[in-house]
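Chemist: Structure file entry.txt (compact mmCIF, C-alpha atoms) is given on the next line.
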```txt
# COMPACT_ATOMS: atom_id res chain seq x y z
CA ALA A 56 -32.35 8.46 19.22
CA GLU A 57 -33.55 11.31 17.00
CA LEU A 58 -30.07 12.30 15.84
CA PRO A 59 -29.46 11.63 12.11
CA VAL A 60 -27.27 8.52 12.23
CA LEU A 61 -25.02 8.13 9.21
CA ALA A 62 -25.75 4.90 7.37
CA PRO A 63 -22.75 2.73 6.43
CA GLY A 64 -21.20 3.91 3.19
CA CYS A 65 -17.84 4.07 1.47
CA PRO A 66 -15.23 2.81 3.96
CA VAL A 67 -12.76 5.40 2.68
CA CYS A 68 -14.78 8.65 2.63
CA ALA A 69 -18.04 7.65 4.40
CA MET A 70 -20.24 8.93 1.57
CA PRO A 71 -23.35 6.84 0.86
CA CYS A 72 -22.82 3.96 -1.55
CA ARG A 73 -24.19 0.51 -2.14
CA ARG A 74 -23.15 -2.40 0.03
CA GLY A 75 -20.45 -0.41 1.80
CA GLU A 76 -18.00 -0.73 -1.09
CA THR A 77 -15.40 1.88 -1.96
CA CYS A 78 -17.09 4.61 -3.96
CA GLY A 79 -16.18 5.56 -7.52
CA SER A 80 -14.69 8.87 -6.38
CA CYS A 81 -12.24 7.17 -4.03
CA LEU A 82 -11.39 4.55 -6.66
CA ALA A 83 -10.78 7.19 -9.35
CA ARG A 84 -8.79 9.57 -7.11
CA PRO A 85 -7.65 7.70 -3.99
CA PRO A 86 -7.19 10.10 -1.07
CA TRP A 87 -4.20 10.00 1.24
CA PHE A 88 -6.35 8.76 4.12
CA ASP A 89 -7.30 5.09 4.32
CA GLY A 90 -10.70 5.23 5.98
CA THR A 91 -13.34 7.40 7.60
CA ALA A 92 -15.63 6.73 10.53
CA ALA A 93 -18.45 9.18 11.19
CA VAL A 94 -21.39 8.94 13.55
CA TRP A 95 -24.00 11.36 12.20
CA ARG A 96 -25.04 13.24 9.10
CA TYR A 97 -24.27 16.92 9.48
CA ALA A 98 -27.92 17.93 9.70
CA TYR A 99 -30.26 19.28 12.33
CA PRO A 100 -29.85 18.97 15.30
CA VAL A 101 -26.27 17.64 15.05
CA ASP A 102 -25.19 20.77 13.18
CA ARG A 103 -26.41 22.91 16.11
CA LEU A 104 -24.64 20.71 18.64
CA VAL A 105 -21.35 20.87 16.73
CA GLN A 106 -21.67 24.66 16.43
CA ALA A 107 -22.46 24.93 20.16
CA LEU A 108 -19.16 23.19 20.94
CA LYS A 109 -17.10 24.95 18.30
CA PHE A 110 -18.37 28.51 18.52
CA HIS A 111 -20.03 28.75 21.93
CA GLY A 112 -17.61 26.77 24.10
CA ARG A 113 -20.07 24.07 25.16
CA LEU A 114 -17.16 21.78 26.10
CA ALA A 115 -19.43 19.25 27.82
CA LEU A 116 -20.46 18.09 24.33
CA ALA A 117 -16.94 16.84 23.53
CA PRO A 118 -17.09 13.72 25.76
CA TYR A 119 -20.57 12.96 24.40
CA PHE A 120 -19.26 13.14 20.82
CA ALA A 121 -16.24 11.03 21.79
CA HIS A 122 -18.43 8.37 23.38
CA ALA A 123 -20.61 8.17 20.26
CA LEU A 124 -17.50 7.90 18.04
CA ALA A 125 -15.95 5.24 20.27
CA GLY A 126 -18.78 2.92 19.30
CA ARG A 127 -17.82 3.25 15.61
CA VAL A 128 -14.04 2.98 15.72
CA GLY A 129 -11.40 0.50 16.77
CA HIS A 130 -7.94 1.27 18.09
CA ALA A 131 -5.22 3.46 16.63
CA ASP A 132 -1.63 3.73 17.78
CA LEU A 133 -2.00 7.51 17.95
CA VAL A 134 -4.93 9.92 17.96
CA ILE A 135 -4.08 13.31 16.48
CA PRO A 136 -6.67 16.09 16.59
CA MET A 137 -7.08 18.38 13.59
CA PRO A 138 -4.81 21.30 14.47
CA LEU A 139 -5.89 24.93 14.54
CA HIS A 140 -3.51 27.73 13.61
CA THR A 141 -2.34 29.60 16.71
CA SER A 142 -4.23 32.74 15.67
CA ARG A 143 -7.52 30.78 15.50
CA LEU A 144 -6.69 29.00 18.76
CA VAL A 145 -6.13 32.33 20.53
CA GLU A 146 -9.37 33.69 19.06
CA ARG A 147 -11.46 30.65 20.07
CA GLY A 148 -9.63 29.78 23.29
CA PHE A 149 -9.68 26.02 22.65
CA ASN A 150 -9.53 23.47 19.86
CA GLN A 151 -12.74 21.45 19.68
CA ALA A 152 -10.88 18.58 17.98
CA VAL A 153 -8.48 18.34 20.94
CA GLU A 154 -11.41 18.23 23.34
CA ILE A 155 -13.04 15.37 21.42
CA ALA A 156 -9.76 13.52 20.77
CA SER A 157 -8.69 13.55 24.43
CA SER A 158 -11.90 11.86 25.55
CA LEU A 159 -11.91 9.50 22.57
CA ALA A 160 -8.34 8.35 23.20
CA ARG A 161 -9.27 7.43 26.77
CA GLU A 162 -12.27 5.42 25.55
CA THR A 163 -10.35 3.55 22.84
CA GLY A 164 -7.11 3.03 24.77
CA SER A 165 -5.20 4.98 22.14
CA ARG A 166 -2.51 7.56 22.85
CA CYS A 167 -3.52 11.16 22.13
CA LEU A 168 -0.94 13.59 20.78
CA PRO A 169 -2.62 17.03 20.89
CA TRP A 170 0.38 18.62 19.14
CA GLY A 171 1.22 15.67 16.89
CA ALA A 172 0.72 17.93 13.90
CA VAL A 173 0.64 21.70 13.64
CA ARG A 174 -1.04 24.12 11.29
CA ILE A 175 1.87 26.27 10.16
CA ARG A 176 -0.09 28.86 8.23
CA PRO A 177 -3.52 30.33 8.66
CA THR A 178 -6.13 29.35 6.10
CA GLN A 179 -9.49 30.75 5.19
CA PRO A 180 -12.41 28.87 6.73
CA GLN A 181 -13.24 26.08 4.28
CA ALA A 182 -16.98 26.73 4.60
CA ASN A 183 -16.46 30.14 2.96
CA LEU A 184 -14.85 28.67 -0.16
CA PRO A 185 -16.21 27.00 -3.29
CA LEU A 186 -15.57 23.24 -3.28
CA GLU A 187 -12.95 23.41 -6.03
CA GLU A 188 -10.77 25.88 -4.04
CA ARG A 189 -10.68 23.99 -0.76
CA SER A 190 -7.71 21.73 -1.58
CA LYS A 191 -5.63 24.71 -2.69
CA ASN A 192 -6.55 26.60 0.48
CA VAL A 193 -5.05 23.94 2.78
CA ARG A 194 -2.10 22.85 0.65
CA GLY A 195 1.07 23.17 2.73
CA ALA A 196 -0.86 24.23 5.84
CA PHE A 197 0.34 21.38 8.09
CA GLU A 198 3.60 20.06 9.45
CA CYS A 199 4.52 16.99 11.45
CA GLY A 200 7.98 16.67 12.98
CA LEU A 201 7.40 13.20 14.41
CA ASP A 202 8.73 9.89 13.16
CA LEU A 203 5.50 7.99 12.61
CA ALA A 204 7.10 4.98 10.91
CA GLY A 205 4.67 2.06 10.79
CA THR A 206 2.01 3.62 13.01
CA SER A 207 -1.74 3.75 12.59
CA ILE A 208 -3.08 7.26 13.08
CA ALA A 209 -6.61 8.44 13.77
CA VAL A 210 -7.20 12.09 12.90
CA VAL A 211 -10.10 13.46 14.94
CA ASP A 212 -12.25 16.33 13.73
CA ASP A 213 -15.77 17.59 14.24
CA VAL A 214 -17.08 17.68 10.66
CA MET A 215 -15.96 16.27 7.32
CA THR A 216 -17.25 18.14 4.29
CA THR A 217 -15.21 17.65 1.11
CA GLY A 218 -12.37 15.96 2.99
CA ALA A 219 -9.79 18.40 1.59
CA THR A 220 -8.40 19.41 4.99
CA LEU A 221 -8.31 15.83 6.27
CA ASN A 222 -6.68 14.70 3.03
CA GLU A 223 -3.92 17.30 3.30
CA LEU A 224 -3.19 16.35 6.90
CA ALA A 225 -3.17 12.65 5.96
CA ARG A 226 -0.64 13.43 3.21
CA VAL A 227 1.66 15.07 5.77
CA LEU A 228 1.25 12.21 8.24
CA LYS A 229 1.98 9.59 5.57
CA ARG A 230 5.11 11.48 4.58
CA ALA A 231 6.14 11.32 8.25
CA GLY A 232 5.91 7.52 7.97
CA ALA A 233 2.35 6.67 9.08
CA ALA A 234 1.30 3.28 7.68
CA ARG A 235 -2.43 4.01 8.00
CA VAL A 236 -4.42 7.22 8.54
CA GLU A 237 -8.12 7.15 9.35
CA ASN A 238 -10.50 10.04 9.91
CA TRP A 239 -12.64 9.81 13.03
CA VAL A 240 -15.25 12.53 12.70
CA VAL A 241 -18.41 13.39 14.57
CA ALA A 242 -20.44 14.29 11.49
CA ARG A 243 -20.27 14.02 7.70
CA THR A 244 -21.94 16.31 5.20
CA LEU A 245 -23.61 14.54 2.31
CA ASP A 246 -23.81 17.53 -0.07
```
Let's see the structure in the file written out as structure tokens.

Modeler:
Amino acid sequence: AELPVLAPGCPVCAMPCRRGETCGSCLARPPWFDGTAAVWRYAYPVDRLVQALKFHGRLALAPYFAHALAGRVGHADLVIPMPLHTSRLVERGFNQAVEIASSLARETGSRCLPWGAVRIRPTQPQANLPLEERSKNVRGAFECGLDLAGTSIAVVDDVMTTGATLNELARVLKRAGAARVENWVVARTLD
């Protein structure tokens, strides 16, 4: 009950805005994704919980995150976790987005495709970059070899900051034919 629940905001990017209408940013520069669902603000103690999963292998948190997300989302034809580059996957030993997405797909009755998209080139961690360089960092980083014609896709990730990585993946999924791409994320930064 003490976790910082994210108040309803822009249905596209989940940033705070009046009456849950699409924010000016999304109206001025519409992203490739169609919507975002997030459970919590990326603030204490959620930030510590996400880091415990991501960097300390506390895999038991993934089903908890998935259960919390399931209460905020509907159904998607396919759930695709945010892919890690193979070098990062080898280093970490698991992909936290896959762990969350697998549980979430079971709860929502959606089909999970852990390898539905791949990260074809390594990128610098987005957190280490200035905001204006994040889109450039992930441009061309993903590939999807599936025919997604007419499908609704939910991309699952742990945290959404600027949305640059999610936007690039949504672009690739739309080019593969997806009719709708939503972000289903555990936490959203508001900075």

Chemist: Using all atoms listed in the file, collect all residues at a distance of at most 10 Å from (-23.4, 9.1, 21.6) as written in the file, then present them as a short mmCIF file (atom, residue, chain, number, x, y, z; two decimals) with C-alpha atoms, in the coordinates of the input.

Modeler:
```
data_model
loop_
_atom_site.label_atom_id
_atom_site.label_comp_id
_atom_site.auth_asym_id
_atom_site.auth_seq_id
_atom_site.Cartn_x
_atom_site.Cartn_y
_atom_site.Cartn_z
CA ALA A 56 -32.35 8.46 19.22
CA LEU A 58 -30.07 12.30 15.84
CA VAL A 94 -21.39 8.94 13.55
CA TRP A 95 -24.00 11.36 12.20
CA LEU A 116 -20.46 18.09 24.33
CA PRO A 118 -17.09 13.72 25.76
CA TYR A 119 -20.57 12.96 24.40
CA PHE A 120 -19.26 13.14 20.82
CA ALA A 121 -16.24 11.03 21.79
CA HIS A 122 -18.43 8.37 23.38
CA ALA A 123 -20.61 8.17 20.26
CA LEU A 124 -17.50 7.90 18.04
CA ALA A 125 -15.95 5.24 20.27
CA GLY A 126 -18.78 2.92 19.30
CA VAL A 241 -18.41 13.39 14.57
#
```

Chemist: Neighbourhood query: residues within 8 Å of (2.0, 18.8, 8.9), file coordinates, counting all atoms listed in the file; return as a list in words.

Modeler: Ala172, Val173, Arg174, Ile175, Gly195, Ala196, Phe197, Glu198, Cys199, Gly200, Leu224, Val227 and Leu228 of chain A

Chemist: I'd like the contact shell of Ala182 (chain A) - 12 Å cut-off, only C-alpha atoms, skipping same-chain residues fewer than 6 positions apart - returned as a compact mmCIF listing (two decimals) with C-alpha atoms, in the coordinates of the input.

Modeler:
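Final output, part04.txt:
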```
# COMPACT_ATOMS: atom_id res chain seq x y z
CA GLU A 188 -10.77 25.88 -4.04
CA ARG A 189 -10.68 23.99 -0.76
CA ASN A 192 -6.55 26.60 0.48
CA VAL A 214 -17.08 17.68 10.66
CA MET A 215 -15.96 16.27 7.32
CA THR A 216 -17.25 18.14 4.29
CA THR A 217 -15.21 17.65 1.11
CA GLY A 218 -12.37 15.96 2.99
CA ALA A 219 -9.79 18.40 1.59
CA THR A 220 -8.40 19.41 4.99
CA THR A 244 -21.94 16.31 5.20
```

Chemist: So, with all atoms listed in the file as the atoms that count, which of A:Arg84, A:Arg161, A:Lys229, A:Arg194 lies closest to His130 (chain A)?

Modeler: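 With all atoms listed in the file as the atom set, the closest residue is A:Arg161.
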
Chemist: Using all atoms listed in the file, find the one residue out of A:Asp246, A:Met70, A:Pro59, A:Asp213 that sits nearest to Leu186 (chain A).

Modeler: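 Going through A:Asp246, A:Met70, A:Pro59, A:Asp213 one by one, the smallest distance to Leu186 (chain A) is for A:Asp246.
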